[in-house]
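Novice: Sending over upload-v1.pdb (PDB, C-alpha atoms).
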```pdb
ATOM      1  CA  MET A   1    -122.691 -33.879-163.684  1.00  0.00           C
ATOM      2  CA  GLN A   2    -125.266 -31.530-164.901  1.00  0.00           C
ATOM      3  CA  GLY A   3    -124.318 -28.798-167.369  1.00  0.00           C
ATOM      4  CA  VAL A   4    -120.607 -29.719-167.490  1.00  0.00           C
ATOM      5  CA  SER A   5    -119.162 -31.762-170.293  1.00  0.00           C
ATOM      6  CA  PHE A   6    -115.804 -33.510-170.275  1.00  0.00           C
ATOM      7  CA  SER A   7    -113.760 -33.308-173.457  1.00  0.00           C
ATOM      8  CA  GLY A   8    -111.534 -36.290-172.616  1.00  0.00           C
ATOM      9  CA  ASN A   9    -108.513 -34.014-172.305  1.00  0.00           C
ATOM     10  CA  LEU A  10    -107.332 -33.671-168.701  1.00  0.00           C
ATOM     11  CA  PHE A  11    -105.910 -30.234-169.440  1.00  0.00           C
ATOM     12  CA  PHE A  12    -108.989 -28.934-171.225  1.00  0.00           C
ATOM     13  CA  ASP A  13    -109.924 -25.386-170.241  1.00  0.00           C
ATOM     14  CA  PRO A  14    -113.428 -24.473-171.396  1.00  0.00           C
ATOM     15  CA  LEU A  15    -112.662 -20.765-170.945  1.00  0.00           C
ATOM     16  CA  VAL A  16    -109.850 -20.796-173.513  1.00  0.00           C
ATOM     17  CA  SER A  17    -111.185 -20.786-177.027  1.00  0.00           C
ATOM     18  CA  GLY A  18    -109.515 -21.475-180.342  1.00  0.00           C
ATOM     19  CA  LEU A  19    -106.655 -23.626-179.066  1.00  0.00           C
ATOM     20  CA  SER A  20    -108.126 -26.992-179.956  1.00  0.00           C
ATOM     21  CA  GLY A  21    -108.731 -26.063-183.581  1.00  0.00           C
ATOM     22  CA  ALA A  22    -105.293 -24.530-184.153  1.00  0.00           C
ATOM     23  CA  ALA A  23    -103.667 -27.864-184.948  1.00  0.00           C
ATOM     24  CA  GLU A  24    -106.489 -28.800-187.292  1.00  0.00           C
ATOM     25  CA  ARG A  25    -106.222 -25.517-189.200  1.00  0.00           C
ATOM     26  CA  ASP A  26    -102.439 -25.604-189.670  1.00  0.00           C
ATOM     27  CA  PRO A  27    -100.939 -29.098-189.268  1.00  0.00           C
ATOM     28  CA  GLY A  28     -97.693 -27.946-190.914  1.00  0.00           C
ATOM     29  CA  ARG A  29     -97.000 -25.568-188.071  1.00  0.00           C
ATOM     30  CA  VAL A  30     -97.482 -28.276-185.465  1.00  0.00           C
ATOM     31  CA  ALA A  31     -95.119 -30.587-187.365  1.00  0.00           C
ATOM     32  CA  ALA A  32     -92.527 -27.807-187.629  1.00  0.00           C
ATOM     33  CA  ASP A  33     -92.749 -27.136-183.885  1.00  0.00           C
ATOM     34  CA  THR A  34     -92.074 -30.775-183.053  1.00  0.00           C
ATOM     35  CA  ARG A  35     -89.098 -30.934-185.426  1.00  0.00           C
ATOM     36  CA  ARG A  36     -87.373 -28.011-183.703  1.00  0.00           C
ATOM     37  CA  ARG A  37     -86.949 -29.890-180.445  1.00  0.00           C
ATOM     38  CA  PRO A  38     -83.274 -30.639-179.866  1.00  0.00           C
ATOM     39  CA  THR A  39     -82.396 -34.279-179.455  1.00  0.00           C
ATOM     40  CA  GLN A  40     -79.368 -35.718-177.727  1.00  0.00           C
ATOM     41  CA  THR A  41     -77.001 -38.037-179.457  1.00  0.00           C
ATOM     42  CA  ALA A  42     -76.163 -41.377-177.920  1.00  0.00           C
ATOM     43  CA  ALA A  43     -72.729 -40.059-176.967  1.00  0.00           C
ATOM     44  CA  GLU A  44     -74.279 -37.079-175.153  1.00  0.00           C
ATOM     45  CA  GLN A  45     -76.682 -39.336-173.275  1.00  0.00           C
ATOM     46  CA  ASN A  46     -73.836 -41.636-172.255  1.00  0.00           C
ATOM     47  CA  ALA A  47     -71.731 -38.681-171.078  1.00  0.00           C
ATOM     48  CA  LEU A  48     -74.604 -37.306-168.990  1.00  0.00           C
ATOM     49  CA  ARG A  49     -75.284 -40.727-167.517  1.00  0.00           C
ATOM     50  CA  ALA A  50     -71.600 -41.191-166.641  1.00  0.00           C
ATOM     51  CA  ALA A  51     -71.446 -37.753-165.005  1.00  0.00           C
ATOM     52  CA  SER A  52     -74.570 -38.516-163.002  1.00  0.00           C
ATOM     53  CA  LEU A  53     -73.215 -41.871-161.846  1.00  0.00           C
ATOM     54  CA  ALA A  54     -69.906 -40.260-160.851  1.00  0.00           C
ATOM     55  CA  LYS A  55     -71.763 -37.653-158.783  1.00  0.00           C
ATOM     56  CA  VAL A  56     -73.892 -40.302-157.081  1.00  0.00           C
ATOM     57  CA  SER A  57     -70.786 -42.348-156.353  1.00  0.00           C
ATOM     58  CA  LYS A  58     -69.039 -39.365-154.745  1.00  0.00           C
ATOM     59  CA  ASP A  59     -72.154 -38.575-152.701  1.00  0.00           C
ATOM     60  CA  LEU A  60     -72.378 -42.165-151.455  1.00  0.00           C
ATOM     61  CA  GLU A  61     -68.690 -42.217-150.521  1.00  0.00           C
ATOM     62  CA  ARG A  62     -69.150 -38.959-148.604  1.00  0.00           C
ATOM     63  CA  MET A  63     -72.196 -40.340-146.800  1.00  0.00           C
ATOM     64  CA  ILE A  64     -70.279 -43.500-145.811  1.00  0.00           C
ATOM     65  CA  ARG A  65     -67.387 -41.403-144.461  1.00  0.00           C
ATOM     66  CA  ASP A  66     -69.802 -39.205-142.486  1.00  0.00           C
ATOM     67  CA  ARG A  67     -71.576 -42.231-141.040  1.00  0.00           C
ATOM     68  CA  ALA A  68     -68.284 -43.840-139.969  1.00  0.00           C
ATOM     69  CA  ARG A  69     -67.446 -40.813-137.813  1.00  0.00           C
TER      70      ARG A  69
END
```
So that I can check it, write out the structure of this file as structure tokens.
Specialist:
Amino acid sequence: MQGVSFSGNLFFDPLVSGLSGAAERDPGRVAADTRRRPTQTAAEQNALRAASLAKVSKDLERMIRDRAR
């Protein structure tokens, strides 16, 4: 490729400037942004998994009933 360089980042946009150096200039801000992400407790994950399995089970039962007709 002539005249085009690849930064190694698949989402690199050469037309956007100043984004790559933002983390280097203020690492505290980046760390604060990652800490704000909500995390689920184990109980919440288990409840969501159980609800999902119950829904799949109901869907499968409905599909079996429909196929038997």
Novice: How many Å separate CA of Lys58 (chain A) from CA of Gln40 (chain A)?
Specialist: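 Those two atoms sit 25.5 Å apart.
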Novice: Mind giving me the straight-line distance from CA of Ala43 (chain A) to CA of Glu61 (chain A) in Å, one decimal?
Specialist: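 Pair CA of Ala43 (chain A) / CA of Glu61 (chain A) returns 26.8 Å.
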Novice: Using Å and a single decimal, report how far CA of Val56 (chain A) sits from CA of Pro38 (chain A).
Specialist: 26.5 Å
